[in-house]
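> Structure supplied as run-v1.cif; contents: mmCIF, N, CA and C atoms.
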```
data_protein
loop_
_atom_site.label_atom_id
_atom_site.label_comp_id
_atom_site.auth_asym_id
_atom_site.auth_seq_id
_atom_site.Cartn_x
_atom_site.Cartn_y
_atom_site.Cartn_z
N MET K 27 15.79 -17.36 -204.66
CA MET K 27 16.73 -18.02 -205.55
C MET K 27 16.70 -17.40 -206.95
N GLN K 28 15.51 -17.20 -207.47
CA GLN K 28 15.41 -16.61 -208.80
C GLN K 28 15.97 -15.20 -208.82
N ARG K 29 15.74 -14.48 -207.74
CA ARG K 29 16.24 -13.11 -207.67
C ARG K 29 17.77 -13.11 -207.70
N GLU K 30 18.37 -14.00 -206.95
CA GLU K 30 19.84 -14.09 -206.93
C GLU K 30 20.38 -14.47 -208.31
N GLU K 31 19.68 -15.38 -208.96
CA GLU K 31 20.10 -15.80 -210.30
C GLU K 31 19.99 -14.64 -211.29
N ARG K 32 18.89 -13.90 -211.20
CA ARG K 32 18.73 -12.73 -212.08
C ARG K 32 19.81 -11.69 -211.82
N GLU K 33 20.11 -11.45 -210.56
CA GLU K 33 21.16 -10.48 -210.22
C GLU K 33 22.52 -10.95 -210.75
N ARG K 34 22.78 -12.23 -210.61
CA ARG K 34 24.05 -12.78 -211.10
C ARG K 34 24.13 -12.64 -212.62
N LEU K 35 23.04 -12.97 -213.30
CA LEU K 35 23.02 -12.86 -214.76
C LEU K 35 23.12 -11.40 -215.21
N ALA K 36 22.45 -10.51 -214.50
CA ALA K 36 22.53 -9.09 -214.84
C ALA K 36 23.95 -8.58 -214.66
N GLU K 37 24.59 -9.01 -213.59
CA GLU K 37 25.98 -8.62 -213.35
C GLU K 37 26.90 -9.15 -214.45
N LYS K 38 26.68 -10.40 -214.83
CA LYS K 38 27.47 -11.00 -215.91
C LYS K 38 27.23 -10.26 -217.22
N LEU K 39 25.98 -9.90 -217.49
CA LEU K 39 25.65 -9.16 -218.70
C LEU K 39 26.37 -7.82 -218.73
N HIS K 40 26.38 -7.11 -217.61
CA HIS K 40 27.08 -5.83 -217.54
C HIS K 40 28.58 -6.02 -217.76
N GLN K 41 29.12 -7.08 -217.19
CA GLN K 41 30.55 -7.35 -217.36
C GLN K 41 30.87 -7.61 -218.84
N VAL K 42 30.07 -8.44 -219.48
CA VAL K 42 30.28 -8.75 -220.89
C VAL K 42 30.14 -7.49 -221.74
N PHE K 43 29.14 -6.67 -221.43
CA PHE K 43 28.95 -5.43 -222.17
C PHE K 43 30.14 -4.49 -222.00
N ASP K 44 30.64 -4.38 -220.77
CA ASP K 44 31.81 -3.53 -220.52
C ASP K 44 33.03 -4.03 -221.29
N GLU K 45 33.23 -5.35 -221.30
CA GLU K 45 34.35 -5.93 -222.05
C GLU K 45 34.18 -5.68 -223.55
N TRP K 46 32.96 -5.84 -224.04
CA TRP K 46 32.69 -5.59 -225.46
C TRP K 46 32.94 -4.13 -225.80
N SER K 47 32.49 -3.23 -224.94
CA SER K 47 32.69 -1.80 -225.17
C SER K 47 34.17 -1.45 -225.21
N ALA K 48 34.94 -2.02 -224.29
CA ALA K 48 36.39 -1.77 -224.27
C ALA K 48 37.05 -2.30 -225.54
N ALA K 49 36.64 -3.48 -225.96
CA ALA K 49 37.20 -4.06 -227.19
C ALA K 49 36.82 -3.22 -228.40
N GLN K 50 35.59 -2.73 -228.44
CA GLN K 50 35.14 -1.89 -229.55
C GLN K 50 35.94 -0.59 -229.59
N GLU K 51 36.17 0.01 -228.43
CA GLU K 51 36.96 1.25 -228.37
C GLU K 51 38.39 1.00 -228.84
N LYS K 52 38.96 -0.12 -228.41
CA LYS K 52 40.32 -0.46 -228.84
C LYS K 52 40.36 -0.66 -230.36
N TRP K 53 39.36 -1.35 -230.90
CA TRP K 53 39.28 -1.58 -232.35
C TRP K 53 39.16 -0.26 -233.09
N ASP K 54 38.31 0.63 -232.60
CA ASP K 54 38.14 1.93 -233.26
C ASP K 54 39.44 2.72 -233.28
N THR K 55 40.16 2.70 -232.16
CA THR K 55 41.44 3.40 -232.08
C THR K 55 42.44 2.80 -233.06
N GLU K 56 42.50 1.49 -233.12
CA GLU K 56 43.42 0.81 -234.03
C GLU K 56 43.06 1.09 -235.49
N ARG K 57 41.77 1.10 -235.79
CA ARG K 57 41.30 1.38 -237.15
C ARG K 57 41.72 2.78 -237.59
N VAL K 58 41.53 3.76 -236.72
CA VAL K 58 41.92 5.13 -237.04
C VAL K 58 43.42 5.22 -237.27
N SER K 59 44.19 4.54 -236.42
CA SER K 59 45.64 4.54 -236.56
C SER K 59 46.06 3.92 -237.89
N LEU K 60 45.46 2.80 -238.23
CA LEU K 60 45.81 2.13 -239.48
C LEU K 60 45.38 2.94 -240.70
N GLN K 61 44.24 3.62 -240.60
CA GLN K 61 43.81 4.47 -241.71
C GLN K 61 44.79 5.62 -241.91
N SER K 62 45.28 6.17 -240.82
CA SER K 62 46.27 7.25 -240.91
C SER K 62 47.55 6.76 -241.55
N LYS K 63 47.99 5.57 -241.14
CA LYS K 63 49.20 4.99 -241.75
C LYS K 63 49.00 4.74 -243.24
N LEU K 64 47.81 4.28 -243.60
CA LEU K 64 47.50 4.03 -245.01
C LEU K 64 47.60 5.32 -245.82
N VAL K 65 47.06 6.39 -245.30
CA VAL K 65 47.13 7.68 -245.99
C VAL K 65 48.59 8.10 -246.16
N ASP K 66 49.38 7.94 -245.09
CA ASP K 66 50.81 8.28 -245.18
C ASP K 66 51.52 7.44 -246.23
N LEU K 67 51.23 6.15 -246.26
CA LEU K 67 51.88 5.27 -247.23
C LEU K 67 51.44 5.58 -248.66
N GLU K 68 50.17 5.90 -248.84
CA GLU K 68 49.70 6.27 -250.17
C GLU K 68 50.35 7.56 -250.65
N THR K 69 50.54 8.50 -249.73
CA THR K 69 51.22 9.76 -250.07
C THR K 69 52.66 9.49 -250.47
N GLU K 70 53.34 8.65 -249.69
CA GLU K 70 54.73 8.30 -249.99
C GLU K 70 54.81 7.57 -251.33
N LEU K 71 53.89 6.68 -251.60
CA LEU K 71 53.86 5.98 -252.88
C LEU K 71 53.70 6.97 -254.03
N GLY K 72 52.83 7.93 -253.88
CA GLY K 72 52.65 8.94 -254.91
C GLY K 72 53.93 9.72 -255.16
N ARG K 73 54.63 10.07 -254.08
CA ARG K 73 55.91 10.78 -254.22
C ARG K 73 56.92 9.94 -254.98
N ARG K 74 57.02 8.69 -254.58
CA ARG K 74 57.99 7.79 -255.23
C ARG K 74 57.66 7.59 -256.70
N GLN K 75 56.39 7.45 -257.00
CA GLN K 75 55.99 7.27 -258.40
C GLN K 75 56.32 8.52 -259.21
N ALA K 76 56.15 9.69 -258.61
CA ALA K 76 56.51 10.93 -259.30
C ALA K 76 58.01 10.98 -259.54
N GLU K 77 58.80 10.56 -258.55
CA GLU K 77 60.26 10.52 -258.71
C GLU K 77 60.65 9.58 -259.85
N ILE K 78 60.01 8.43 -259.89
CA ILE K 78 60.30 7.46 -260.96
C ILE K 78 59.97 8.07 -262.32
N GLY K 79 58.86 8.77 -262.39
CA GLY K 79 58.49 9.43 -263.65
C GLY K 79 59.53 10.46 -264.07
N GLU K 80 60.04 11.22 -263.10
CA GLU K 80 61.07 12.22 -263.41
C GLU K 80 62.36 11.55 -263.90
N VAL K 81 62.74 10.45 -263.26
CA VAL K 81 63.95 9.74 -263.67
C VAL K 81 63.77 9.19 -265.08
N ARG K 82 62.62 8.63 -265.37
CA ARG K 82 62.36 8.10 -266.71
C ARG K 82 62.44 9.21 -267.76
N GLU K 83 61.88 10.35 -267.43
CA GLU K 83 61.95 11.49 -268.36
C GLU K 83 63.39 11.93 -268.58
N SER K 84 64.17 11.96 -267.51
CA SER K 84 65.58 12.34 -267.63
C SER K 84 66.35 11.34 -268.48
N LEU K 85 66.09 10.06 -268.26
CA LEU K 85 66.76 9.03 -269.05
C LEU K 85 66.37 9.14 -270.52
N ALA K 86 65.11 9.38 -270.77
CA ALA K 86 64.65 9.53 -272.16
C ALA K 86 65.31 10.73 -272.81
N ALA K 87 65.45 11.83 -272.08
CA ALA K 87 66.11 13.02 -272.63
C ALA K 87 67.58 12.74 -272.91
N LEU K 88 68.24 12.01 -272.02
CA LEU K 88 69.64 11.65 -272.23
C LEU K 88 69.80 10.75 -273.46
N GLU K 89 68.89 9.82 -273.62
CA GLU K 89 68.95 8.93 -274.78
C GLU K 89 68.80 9.72 -276.07
N LYS K 90 67.92 10.70 -276.07
CA LYS K 90 67.72 11.53 -277.27
C LYS K 90 68.98 12.33 -277.59
N GLN K 91 69.70 12.73 -276.54
CA GLN K 91 70.93 13.51 -276.74
C GLN K 91 72.11 12.61 -277.06
N GLY K 92 71.91 11.32 -276.92
CA GLY K 92 73.00 10.39 -277.19
C GLY K 92 73.94 10.23 -276.01
N GLY K 93 73.57 10.71 -274.86
CA GLY K 93 74.43 10.62 -273.68
C GLY K 93 74.26 9.34 -272.89
N ALA K 94 73.26 8.56 -273.24
CA ALA K 94 73.04 7.31 -272.52
C ALA K 94 73.47 6.15 -273.39
N PRO K 95 74.00 5.10 -272.79
CA PRO K 95 74.44 3.93 -273.58
C PRO K 95 73.29 3.22 -274.23
#
```
For this file, write the structure as C-alpha cells.

Amino acid sequence: MQREERERLAEKLHQVFDEWSAAQEKWDTERVSLQSKLVDLETELGRRQAEIGEVRESLAALEKQGGAP
C-alpha cells in the first residue's frame, strides 16, 4: 500500500513539475516578446520626440522671421 501511494505521489509530483516547467517556458517566451515590443516602442517614442523637437525648432524659426501668427 505504501509503495503504491509513493508511486502515485511521485507520478503526481512529476506531473506538477512538468506543468510548472511548461508554464515557466511560456512565461519566458512571453517576457522576451514583451521586452522586444518595449524596445520597439521606446525607439518609436525617441523618433517621435525628435520629430516634435524639429517641428518646434521650425516654428520658432518662423516666428523669428515673422511668418507665424
> What is the distance between atom CA of K:Ile78 and atom CA of K:Leu64, in Å to one decimal?
20.7 Å
> Rounded to one decimal place, report the atom N of K:His40-atom CA of K:Gln28 distance in Å.
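According to the coordinates, atom N of K:His40 and atom CA of K:Gln28 are separated by 17.0 Å.
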> Please, what is the axis-aligned box for every listed atom of stretch 80-87 of chain K with 3 Å on each side, as centre and edge lengths in Å to one decimal, as JSON?

```
{"center_x": 63.8, "center_y": 10.6, "center_z": -268.0, "size_x": 13.5, "size_y": 10.9, "size_z": 15.8}
```
> Just how far from atom CA of K:Phe43 is atom C of K:Arg29, in Å to one decimal?
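These atoms are spaced 19.8 Å apart.
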